[in-house]
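What follows is the content of query_15.cif, which has mmCIF, C-alpha atoms and all ligand atoms:
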```
data_model
#
loop_
_atom_site.label_atom_id
_atom_site.label_comp_id
_atom_site.auth_asym_id
_atom_site.auth_seq_id
_atom_site.Cartn_x
_atom_site.Cartn_y
_atom_site.Cartn_z
CA MET A 926 -50.41 -16.38 -25.07
CA GLN A 927 -46.69 -16.69 -25.79
CA LEU A 928 -44.40 -13.74 -25.11
CA SER A 929 -42.58 -12.24 -28.09
CA PHE A 930 -39.37 -13.56 -26.51
CA GLU A 931 -40.79 -17.09 -26.58
CA LYS A 932 -41.66 -16.67 -30.25
CA SER A 933 -38.15 -15.45 -31.03
CA VAL A 934 -36.05 -17.48 -33.51
CA PRO A 935 -32.33 -16.59 -33.85
CA GLY A 936 -31.59 -14.85 -37.10
CA ARG A 937 -35.17 -13.85 -37.93
CA ARG A 938 -35.54 -10.24 -39.00
CA SER A 939 -38.42 -7.89 -39.66
CA HIS A 940 -36.45 -5.18 -41.37
CA VAL A 941 -33.97 -4.84 -44.21
CA VAL A 942 -31.65 -1.85 -44.10
CA ALA A 943 -31.11 -0.38 -47.55
CA PRO A 944 -27.49 -0.28 -48.77
CA ALA A 945 -25.81 3.07 -47.90
CA ASP A 946 -25.49 5.52 -50.79
CA VAL A 947 -22.93 7.70 -48.89
CA PRO A 948 -19.29 6.89 -48.03
CA ALA A 949 -18.88 4.67 -44.94
CA GLU A 950 -17.45 6.34 -41.76
CA PRO A 951 -15.71 4.53 -38.87
CA LEU A 952 -18.19 4.12 -36.00
CA ASP A 953 -15.74 5.51 -33.39
CA GLY A 954 -15.83 8.85 -35.16
CA LEU A 955 -19.62 8.97 -35.07
CA LEU A 956 -20.35 7.58 -31.57
CA PRO A 957 -17.71 7.57 -28.78
CA PRO A 958 -17.03 3.96 -27.61
CA GLU A 959 -18.02 4.71 -23.97
CA LEU A 960 -21.56 5.56 -25.14
CA ARG A 961 -21.98 2.31 -27.06
CA ARG A 962 -23.25 -1.08 -25.83
CA CYS A 963 -20.70 -3.81 -25.15
CA GLU A 964 -23.24 -6.50 -26.05
CA PRO A 965 -26.18 -6.48 -28.45
CA ALA A 966 -29.55 -5.60 -26.83
CA ARG A 967 -31.61 -8.68 -25.90
CA LEU A 968 -34.53 -8.32 -28.30
CA PRO A 969 -36.92 -10.91 -29.69
CA GLU A 970 -36.06 -11.90 -33.25
CA MET A 971 -39.22 -12.13 -35.33
CA ALA A 972 -40.40 -11.72 -38.88
CA GLU A 973 -42.53 -8.67 -39.66
CA PRO A 974 -45.88 -10.52 -40.00
CA GLU A 975 -45.25 -12.22 -36.63
CA VAL A 976 -44.64 -8.84 -34.98
CA VAL A 977 -47.86 -7.44 -36.44
CA ARG A 978 -49.88 -10.52 -35.44
CA HIS A 979 -48.39 -10.52 -31.94
CA PHE A 980 -49.39 -6.92 -31.19
CA VAL A 981 -52.77 -7.14 -32.90
CA ALA A 982 -53.54 -10.26 -30.83
CA LEU A 983 -52.53 -8.36 -27.66
CA SER A 984 -54.72 -5.37 -28.59
CA ARG A 985 -57.72 -7.69 -29.04
CA ARG A 986 -57.37 -8.82 -25.43
CA ASN A 987 -57.82 -5.18 -24.31
CA PHE A 988 -61.12 -4.57 -22.59
CA GLY A 989 -62.93 -1.43 -23.71
CA VAL A 990 -66.37 0.11 -24.01
CA ASP A 991 -66.46 -0.97 -27.67
CA VAL A 992 -66.43 -4.65 -26.68
CA GLY A 993 -68.45 -4.80 -23.48
CA PHE A 994 -69.75 -3.35 -20.25
CA TYR A 995 -67.29 -2.62 -17.43
CA PRO A 996 -67.33 -5.86 -15.39
CA LEU A 997 -65.81 -4.96 -11.98
CA GLY A 998 -68.12 -5.44 -8.96
CA SER A 999 -70.03 -2.33 -8.00
CA CYS A 1000 -68.53 -0.61 -11.00
CA THR A 1001 -71.20 -2.34 -13.09
CA MET A 1002 -73.45 0.45 -11.81
CA LYS A 1003 -71.34 2.86 -13.81
CA TYR A 1004 -72.13 4.36 -17.17
CA ASN A 1005 -69.61 4.98 -19.94
CA PRO A 1006 -70.65 7.62 -22.49
CA LYS A 1007 -67.97 7.60 -25.16
CA ILE A 1008 -68.57 11.18 -26.29
CA ASN A 1009 -66.74 12.35 -23.14
CA GLU A 1010 -63.52 10.96 -24.56
CA ALA A 1011 -63.98 13.00 -27.71
CA VAL A 1012 -64.57 16.13 -25.62
CA ALA A 1013 -61.56 15.46 -23.38
CA SER A 1014 -59.46 15.04 -26.53
CA LEU A 1015 -60.23 18.53 -27.88
CA PRO A 1016 -56.88 20.15 -28.78
CA GLY A 1017 -57.47 23.04 -26.34
CA PHE A 1018 -57.42 20.57 -23.43
CA LEU A 1019 -55.01 18.04 -24.89
CA GLU A 1020 -52.30 20.53 -25.77
CA ALA A 1021 -52.59 22.87 -22.78
CA HIS A 1022 -49.19 23.26 -21.11
CA PRO A 1023 -49.20 22.53 -17.37
CA LEU A 1024 -47.05 25.62 -16.72
CA ALA A 1025 -49.00 27.98 -18.99
CA PRO A 1026 -49.72 31.34 -17.33
CA ASP A 1027 -53.28 31.87 -16.07
CA SER A 1028 -53.87 34.49 -18.77
CA LEU A 1029 -53.47 31.82 -21.51
CA VAL A 1030 -55.72 29.16 -19.94
CA GLN A 1031 -58.76 31.16 -18.93
CA GLY A 1032 -61.04 28.75 -20.84
CA THR A 1033 -59.66 25.71 -19.00
CA LEU A 1034 -59.90 27.52 -15.65
CA ALA A 1035 -63.51 28.42 -16.46
CA VAL A 1036 -64.30 24.74 -17.16
CA LEU A 1037 -62.64 23.71 -13.88
CA HIS A 1038 -64.58 26.35 -11.97
CA GLU A 1039 -67.86 25.39 -13.56
CA THR A 1040 -67.12 21.70 -12.86
CA GLU A 1041 -66.46 22.52 -9.21
CA ARG A 1042 -69.79 24.34 -8.96
CA LEU A 1043 -71.69 21.54 -10.76
CA LEU A 1044 -70.19 18.81 -8.57
CA SER A 1045 -71.03 20.84 -5.46
CA ALA A 1046 -74.62 21.12 -6.67
CA VAL A 1047 -75.11 17.43 -7.52
CA ALA A 1048 -73.42 16.20 -4.33
CA GLY A 1049 -74.91 18.83 -2.02
CA MET A 1050 -71.51 20.00 -0.77
CA ALA A 1051 -70.13 23.52 -0.22
CA GLY A 1052 -66.94 23.19 -2.29
CA PHE A 1053 -64.63 20.73 -4.07
CA SER A 1054 -60.93 20.24 -4.60
CA LEU A 1055 -60.33 18.87 -8.10
CA ALA A 1056 -56.73 17.87 -7.37
CA PRO A 1057 -56.95 14.10 -6.61
CA ALA A 1058 -56.36 11.89 -9.65
CA ALA A 1059 -58.47 8.80 -8.76
CA GLY A 1060 -61.01 7.54 -6.23
CA ALA A 1061 -58.40 6.04 -3.94
CA HIS A 1062 -56.38 9.27 -4.15
CA GLY A 1063 -59.56 11.15 -3.20
CA GLU A 1064 -60.07 8.85 -0.20
CA LEU A 1065 -56.59 9.59 1.11
CA THR A 1066 -57.10 13.32 0.51
CA GLY A 1067 -60.52 13.21 2.21
CA LEU A 1068 -59.12 11.39 5.24
CA MET A 1069 -56.30 13.92 5.49
CA ILE A 1070 -58.95 16.65 5.45
CA ILE A 1071 -60.78 14.84 8.28
CA GLN A 1072 -57.50 14.52 10.19
CA ALA A 1073 -56.76 18.23 9.69
CA TRP A 1074 -60.26 19.17 10.83
CA HIS A 1075 -60.07 17.11 14.04
CA ARG A 1076 -56.61 18.52 14.81
CA LYS A 1077 -57.91 22.03 14.24
CA HIS A 1078 -60.68 21.32 16.72
CA GLY A 1079 -58.29 20.05 19.33
CA SER A 1080 -58.82 16.29 19.16
CA GLY A 1081 -56.36 13.98 17.40
CA ARG A 1082 -58.85 11.18 16.76
CA THR A 1083 -57.29 7.83 15.85
CA LYS A 1084 -59.97 5.47 14.49
CA VAL A 1085 -61.86 5.14 11.21
CA ILE A 1086 -64.82 2.75 10.95
CA VAL A 1087 -65.52 0.84 7.72
CA PRO A 1088 -68.32 -1.68 7.06
CA ASP A 1089 -67.23 -5.25 6.28
CA GLY A 1090 -68.55 -4.89 2.70
CA ALA A 1091 -66.46 -1.78 1.95
CA HIS A 1092 -64.24 -1.56 -1.11
CA GLY A 1093 -60.67 -2.54 -0.22
CA THR A 1094 -59.36 0.96 -0.85
CA ASN A 1095 -61.37 2.31 2.14
CA PRO A 1096 -59.49 0.48 4.94
CA ALA A 1097 -56.26 0.80 2.93
CA SER A 1098 -56.61 4.60 2.68
CA ALA A 1099 -57.47 4.89 6.38
CA ALA A 1100 -54.42 2.79 7.35
CA LEU A 1101 -52.16 4.76 4.98
CA CYS A 1102 -53.38 7.96 6.62
CA GLY A 1103 -52.32 6.59 10.02
CA PHE A 1104 -55.76 5.65 11.39
CA GLU A 1105 -56.65 2.45 13.18
CA VAL A 1106 -59.30 0.66 11.08
CA VAL A 1107 -62.38 -0.66 12.91
CA THR A 1108 -64.67 -2.99 10.93
CA VAL A 1109 -68.44 -3.13 11.53
CA PRO A 1110 -70.52 -6.07 10.24
CA SER A 1111 -73.48 -5.82 7.86
CA ASP A 1112 -77.02 -6.64 8.97
CA PRO A 1113 -79.05 -9.43 7.29
CA GLU A 1114 -80.41 -6.90 4.73
CA GLY A 1115 -76.91 -5.94 3.63
CA GLY A 1116 -76.81 -2.52 5.35
CA VAL A 1117 -74.70 -1.39 8.30
CA ASP A 1118 -75.58 -3.21 11.56
CA LEU A 1119 -76.72 -0.26 13.71
CA ASP A 1120 -76.13 -1.93 17.08
CA ALA A 1121 -72.62 -2.91 16.04
CA LEU A 1122 -72.03 0.66 14.84
CA ARG A 1123 -73.23 2.14 18.14
CA GLY A 1124 -70.85 -0.23 19.94
CA ALA A 1125 -67.91 0.76 17.72
CA VAL A 1126 -68.25 4.57 17.84
CA ASP A 1127 -66.45 6.32 20.69
CA GLU A 1128 -64.54 9.51 21.47
CA HIS A 1129 -61.58 8.25 19.39
CA THR A 1130 -63.66 7.81 16.20
CA ALA A 1131 -62.61 10.25 13.49
CA ALA A 1132 -65.05 9.07 10.79
CA LEU A 1133 -67.13 6.34 9.23
CA MET A 1134 -66.50 5.62 5.54
CA LEU A 1135 -69.57 4.55 3.59
CA THR A 1136 -70.53 3.83 -0.03
CA ASN A 1137 -74.19 4.47 -0.84
CA PRO A 1138 -75.53 2.55 -2.74
CA ASN A 1139 -73.13 0.05 -1.22
CA THR A 1140 -71.01 -2.61 -2.86
CA LEU A 1141 -74.02 -4.95 -2.97
CA GLY A 1142 -75.90 -2.30 -4.94
CA LEU A 1143 -78.23 -1.59 -1.99
CA PHE A 1144 -79.22 1.87 -0.81
CA GLU A 1145 -78.42 2.36 2.90
CA ARG A 1146 -81.91 3.16 4.25
CA ASN A 1147 -80.66 4.02 7.74
CA ILE A 1148 -78.30 6.69 6.53
CA LEU A 1149 -79.83 9.53 8.57
CA THR A 1150 -79.69 7.44 11.76
CA ILE A 1151 -76.08 6.52 10.93
CA ALA A 1152 -75.19 10.20 10.41
CA GLY A 1153 -76.77 11.01 13.78
CA ILE A 1154 -74.73 8.32 15.57
CA LEU A 1155 -71.49 9.67 14.11
CA HIS A 1156 -72.23 13.37 14.60
CA ASP A 1157 -73.44 12.90 18.17
CA ALA A 1158 -70.02 11.43 18.93
CA GLY A 1159 -68.20 14.37 17.29
CA ALA A 1160 -67.10 12.19 14.35
CA LEU A 1161 -67.51 12.84 10.62
CA LEU A 1162 -69.21 10.88 7.84
CA TYR A 1163 -67.20 10.09 4.71
CA TYR A 1164 -68.91 9.31 1.41
CA ASP A 1165 -67.15 7.02 -1.06
CA GLY A 1166 -68.78 8.26 -4.27
CA ALA A 1167 -67.75 5.35 -6.50
CA ASN A 1168 -71.43 4.44 -6.92
CA LEU A 1169 -72.85 7.96 -7.10
CA ASN A 1170 -74.57 7.41 -10.42
CA GLY A 1171 -76.93 4.97 -8.68
CA ILE A 1172 -78.53 8.03 -7.00
CA LEU A 1173 -77.37 10.89 -9.22
CA GLY A 1174 -80.12 13.49 -9.62
CA ARG A 1175 -82.32 11.70 -7.06
CA ALA A 1176 -80.50 12.09 -3.76
CA ARG A 1177 -77.41 13.99 -2.58
CA PRO A 1178 -74.76 12.82 -0.08
CA GLY A 1179 -74.75 16.31 1.47
CA ASP A 1180 -78.46 15.97 2.32
CA MET A 1181 -77.80 12.57 3.92
CA GLY A 1182 -75.38 14.12 6.42
CA PHE A 1183 -72.07 13.30 4.71
CA ASP A 1184 -69.30 15.78 5.58
CA VAL A 1185 -66.59 14.74 3.11
CA VAL A 1186 -67.12 13.00 -0.25
CA HIS A 1187 -64.96 11.84 -3.10
CA LEU A 1188 -66.50 11.30 -6.52
CA ASN A 1189 -64.99 8.83 -8.99
CA VAL A 1190 -66.03 11.11 -11.83
CA HIS A 1191 -64.39 8.71 -14.31
CA LYS A 1192 -67.09 6.22 -13.28
CA THR A 1193 -70.10 8.46 -12.73
CA PHE A 1194 -69.69 10.45 -15.92
CA SER A 1195 -67.22 8.62 -18.13
CA THR A 1196 -65.17 5.54 -18.88
CA PRO A 1197 -63.60 3.91 -15.78
CA HIS A 1198 -59.92 2.91 -15.73
CA GLY A 1199 -60.92 -0.68 -16.55
CA GLY A 1200 -62.63 0.55 -19.70
CA GLY A 1201 -59.50 2.40 -20.71
CA GLY A 1202 -60.35 5.79 -19.24
CA PRO A 1203 -58.21 8.17 -17.18
CA GLY A 1204 -59.19 8.91 -13.58
CA ALA A 1205 -60.18 11.82 -11.37
CA GLY A 1206 -61.30 11.78 -7.73
CA PRO A 1207 -62.42 15.28 -6.69
CA VAL A 1208 -63.13 15.72 -2.97
CA GLY A 1209 -66.03 17.79 -1.69
CA VAL A 1210 -66.71 19.05 1.82
CA ALA A 1211 -69.55 20.51 3.84
CA GLU A 1212 -69.42 24.22 4.71
CA ARG A 1213 -67.70 23.78 8.08
CA LEU A 1214 -64.78 21.93 6.44
CA VAL A 1215 -64.12 24.42 3.62
CA PRO A 1216 -61.22 26.04 5.57
CA VAL A 1217 -59.28 22.73 5.43
CA LEU A 1218 -60.00 22.00 1.74
CA PRO A 1219 -56.61 21.74 -0.01
CA PRO A 1220 -55.56 24.18 -2.75
CA PRO A 1221 -55.20 24.88 -5.61
CA ARG A 1222 -58.81 25.83 -6.37
CA VAL A 1223 -60.20 28.13 -9.02
CA VAL A 1224 -62.10 30.84 -7.13
C1 LIG B 1301 -66.60 1.54 -3.88
C2 LIG B 1301 -65.28 1.97 -4.45
N1 LIG B 1301 -64.50 2.80 -3.75
C3 LIG B 1301 -63.29 3.22 -4.23
C4 LIG B 1301 -62.81 2.79 -5.45
C5 LIG B 1301 -61.44 3.26 -5.90
O1 LIG B 1301 -61.54 4.14 -6.96
P1 LIG B 1301 -60.39 4.32 -8.03
O2 LIG B 1301 -60.33 3.04 -8.81
O3 LIG B 1301 -60.80 5.50 -8.85
O4 LIG B 1301 -59.11 4.59 -7.27
C6 LIG B 1301 -63.59 1.92 -6.23
C7 LIG B 1301 -63.05 1.43 -7.51
O5 LIG B 1301 -63.45 0.48 -8.09
C8 LIG B 1301 -64.86 1.51 -5.73
O6 LIG B 1301 -65.66 0.71 -6.44
#
```
Do you think you could lay out the structure here as structure tokens?
Amino acid sequence: MQLSFEKSVPGRRSHVVAPADVPAEPLDGLLPPELRRCEPARLPEMAEPEVVRHFVALSRRNFGVDVGFYPLGSCTMKYNPKINEAVASLPGFLEAHPLAPDSLVQGTLAVLHETERLLSAVAGMAGFSLAPAAGAHGELTGLMIIQAWHRKHGSGRTKVIVPDGAHGTNPASAALCGFEVVTVPSDPEGGVDLDALRGAVDEHTAALMLTNPNTLGLFERNILTIAGILHDAGALLYYDGANLNGILGRARPGDMGFDVVHLNVHKTFSTPHGGGGPGAGPVGVAERLVPVLPPPRVV
């Protein structure tokens, strides 16, 4: 598709300014010269119907839940109920001021608190921070929690293990957090290769990051064995919750031995970014990590 600049034809206009019905004033008296452009702005010159057609054509290339299912990899496991957008657009949420005093936003705080309790229940975790604004943001937050926990317990562990099928944000978040990334291969069934995992875990391992069901859409059947391998070595198990709705209501990461989880709630419960939705990546922790869960929280 051509850019509007490529469609531009010198002299074409999409507006006609009506003749002034008030006396003309010199421009210098209205706008000081130092605040005015020296050259005209470089804008495409187009007729009005061309402008309309250009932007309508662009809008039709937008992907949204009205035109199809979200097509990105494991995100196809995700469900997009549109009513959530209507609820999120209620004026009470939409027009709430970020600096409003607590006394004026008790309803919003109640919703946040209830959400925190519900997420804890469905994920099997002790508490959540609702601060992170996307899955990848949650990963970084979760890894910083893991780092803080290990420091608090006297060991500055340096390595994070990720399976070779992990979403790219997993190794990226670990590297951004300052960890050395160790990759473990998958077994022929598409799960984590247990022997390779045993060989990779040592006293420097801070955590293993895992998606379950994984990026292939397969449930990791050896999850309890995997949790045992990590915990026996004093390391933690991190749950990437991007695919949570594959198991929602049937199994909980907390019961599988995960210590820290992020949930891409925009995917599990609503329209993902790719479908036009906003994001949120709350991070939940097991009881022993609650002291290092970042504020602010509604308690
Ligand atoms: C498995 C997995 N982890 C993490 C992410 C990152 O989540 P977000 O896009 O909310 O940052 C995605 C996103 O597609 C994902 O599929």
Where's the centre, and what are the edge lengths in Å to one decimal, of a box along x, y and z enclosing all listed atoms of ligand LIG 1301 (chain B) padded 5 Å per side, as lines of an AutoDock Vina configuration file?
```
center_x = -62.9
center_y = 3.0
center_z = -6.3
size_x = 17.5
size_y = 15.0
size_z = 15.1
```
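Closest to ligand LIG 1301 (chain B) among A:His1092, A:His1187, A:His1156, A:His979 is A:His1092, based on all atoms listed in the file.
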Handout entry: Straight-line distance linking atom CA of Phe1053 of chain A with atom CA of Arg1213 of chain A, stated in Å to one decimal
Key = 12.9 Å
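Shortest atom-to-atom contact with ligand LIG 1301 (chain B) among A:Val934, A:Ala966, A:Ala1035, A:Leu1169: A:Leu1169, counting all atoms listed in the file.
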Practice task
Please extract the residues at most 8 Å from ligand LIG 1301 (chain B), counting only C-alpha atoms and all ligand atoms, and provide them as JSON, numbers by chain, using the chain letters and residue numbers of this document.
Solution key: {"A": [997, 998, 999, 1000, 1058, 1059, 1060, 1061, 1062, 1063, 1064, 1091, 1092, 1093, 1094, 1095, 1136, 1139, 1140, 1165, 1166, 1167, 1168, 1189, 1191, 1192, 1197, 1198, 1204, 1205, 1206]}
With C-alpha atoms kept, could you save the residues just selected as a PDB file, keeping the file's coordinate frame?
```pdb
ATOM      1  CA  LEU A 997     -65.810  -4.960 -11.980  1.00  0.00           C
ATOM      2  CA  GLY A 998     -68.120  -5.440  -8.960  1.00  0.00           C
ATOM      3  CA  SER A 999     -70.030  -2.330  -8.000  1.00  0.00           C
ATOM      4  CA  CYS A1000     -68.530  -0.610 -11.000  1.00  0.00           C
ATOM      5  CA  ALA A1058     -56.360  11.890  -9.650  1.00  0.00           C
ATOM      6  CA  ALA A1059     -58.470   8.800  -8.760  1.00  0.00           C
ATOM      7  CA  GLY A1060     -61.010   7.540  -6.230  1.00  0.00           C
ATOM      8  CA  ALA A1061     -58.400   6.040  -3.940  1.00  0.00           C
ATOM      9  CA  HIS A1062     -56.380   9.270  -4.150  1.00  0.00           C
ATOM     10  CA  GLY A1063     -59.560  11.150  -3.200  1.00  0.00           C
ATOM     11  CA  GLU A1064     -60.070   8.850  -0.200  1.00  0.00           C
ATOM     12  CA  ALA A1091     -66.460  -1.780   1.950  1.00  0.00           C
ATOM     13  CA  HIS A1092     -64.240  -1.560  -1.110  1.00  0.00           C
ATOM     14  CA  GLY A1093     -60.670  -2.540  -0.220  1.00  0.00           C
ATOM     15  CA  THR A1094     -59.360   0.960  -0.850  1.00  0.00           C
ATOM     16  CA  ASN A1095     -61.370   2.310   2.140  1.00  0.00           C
ATOM     17  CA  THR A1136     -70.530   3.830  -0.030  1.00  0.00           C
ATOM     18  CA  ASN A1139     -73.130   0.050  -1.220  1.00  0.00           C
ATOM     19  CA  THR A1140     -71.010  -2.610  -2.860  1.00  0.00           C
ATOM     20  CA  ASP A1165     -67.150   7.020  -1.060  1.00  0.00           C
ATOM     21  CA  GLY A1166     -68.780   8.260  -4.270  1.00  0.00           C
ATOM     22  CA  ALA A1167     -67.750   5.350  -6.500  1.00  0.00           C
ATOM     23  CA  ASN A1168     -71.430   4.440  -6.920  1.00  0.00           C
ATOM     24  CA  ASN A1189     -64.990   8.830  -8.990  1.00  0.00           C
ATOM     25  CA  HIS A1191     -64.390   8.710 -14.310  1.00  0.00           C
ATOM     26  CA  LYS A1192     -67.090   6.220 -13.280  1.00  0.00           C
ATOM     27  CA  PRO A1197     -63.600   3.910 -15.780  1.00  0.00           C
ATOM     28  CA  HIS A1198     -59.920   2.910 -15.730  1.00  0.00           C
ATOM     29  CA  GLY A1204     -59.190   8.910 -13.580  1.00  0.00           C
ATOM     30  CA  ALA A1205     -60.180  11.820 -11.370  1.00  0.00           C
ATOM     31  CA  GLY A1206     -61.300  11.780  -7.730  1.00  0.00           C
TER      32      GLY A1206
END
```
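With only C-alpha atoms taken into account, the protein and nucleic acid residues at most 6 Å from Gly1116 of chain A (excluding it and anything under 4 positions from it in its own chain) are Ser1111, Asp1112 and Glu1145 of chain A.
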Exercise for the section: Have a look at A:Arg1042, A:Gly1049, A:Pro1220, A:Glu1020 and name the one nearest to Arg1175 of chain A; count only C-alpha atoms. Expected result: A:Gly1049
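For the pair atom CA of Thr1150 of chain A and atom CA of Ile1071 of chain A, the interatomic distance is 20.6 Å.
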Practice task
Excluding Ala1046 of chain A and residues on its chain fewer than 6 positions from it, collect all residues at most 10 Å away from it, counting all atoms listed in the file, and give them as an MDAnalysis selection string.
Solution key: chainID A and resid 1040 1052 1174 1177 1179
Practice task
Quick one: everything within 10 Å of Val1224 of chain A, counting all atoms listed in the file, minus sequence neighbours fewer than 6 positions away in the same chain. Send it as JSON, numbers by chain.
Solution key: {"A": [1034, 1035, 1037, 1038, 1041]}
Practice task
Could you pull out every residue with an atom within 8 Å of (-66.0, 20.4, 0.4), file coordinates, counting only C-alpha atoms, and send them as a ChimeraX atom specification?
Solution key: /A:1045,1050-1054,1184-1186,1208-1212,1214-1215,1218
Practice task
List the neighbours of Leu1065 of chain A out to 8 Å using all atoms listed in the file; skip same-chain residues closer than 3 positions along the sequence, and give me the result as a PyMOL selection string.
Solution key: chain A and resi 1061-1062+1068-1069+1098-1099+1101-1102
Fill in the blank from the handout: Counting only C-alpha atoms, the residue among A:Val976, A:Ala1056, A:Ala945, A:Ile1070 that lies closest to Pro1216 of chain A is A:Ile1070
Practice task
Work out how far apart atom CA of Phe1018 of chain A and atom CA of Gly1032 of chain A are and give it in Å to one decimal.
Solution key: 9.3 Å
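With all atoms listed in the file as the atoms that count, the residue of A:Thr1033, A:Asn1009, A:Ser1028, A:Thr1130 with the shortest distance to Leu1161 of chain A is A:Thr1130.
Minimum atom-to-atom distance to Leu1043 of chain A, evaluated using all atoms listed in the file, belongs to A:Leu1055 out of A:Leu1055, A:Leu968, A:Pro1096, A:Asp1157.
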What are the nearest atom pairs, with distances in Å to one decimal, for all residues of segment 1030-1110 of chain A that come at most 10 Å from segment 1118-1122 of chain A, using all atoms listed in the file, set out by chain and rising residue number as CSV?
```
residue,atom,partner,partner_atom,distance
A:Ile1086,CA,A:Leu1122,CA,8.5
A:Val1087,CA,A:Leu1122,CA,9.6
A:Pro1088,CA,A:Asp1118,CA,8.7
A:Val1107,CA,A:Leu1122,CA,9.9
A:Thr1108,CA,A:Leu1122,CA,9.1
A:Val1109,CA,A:Ala1121,CA,6.2
A:Pro1110,CA,A:Asp1118,CA,6.0
```
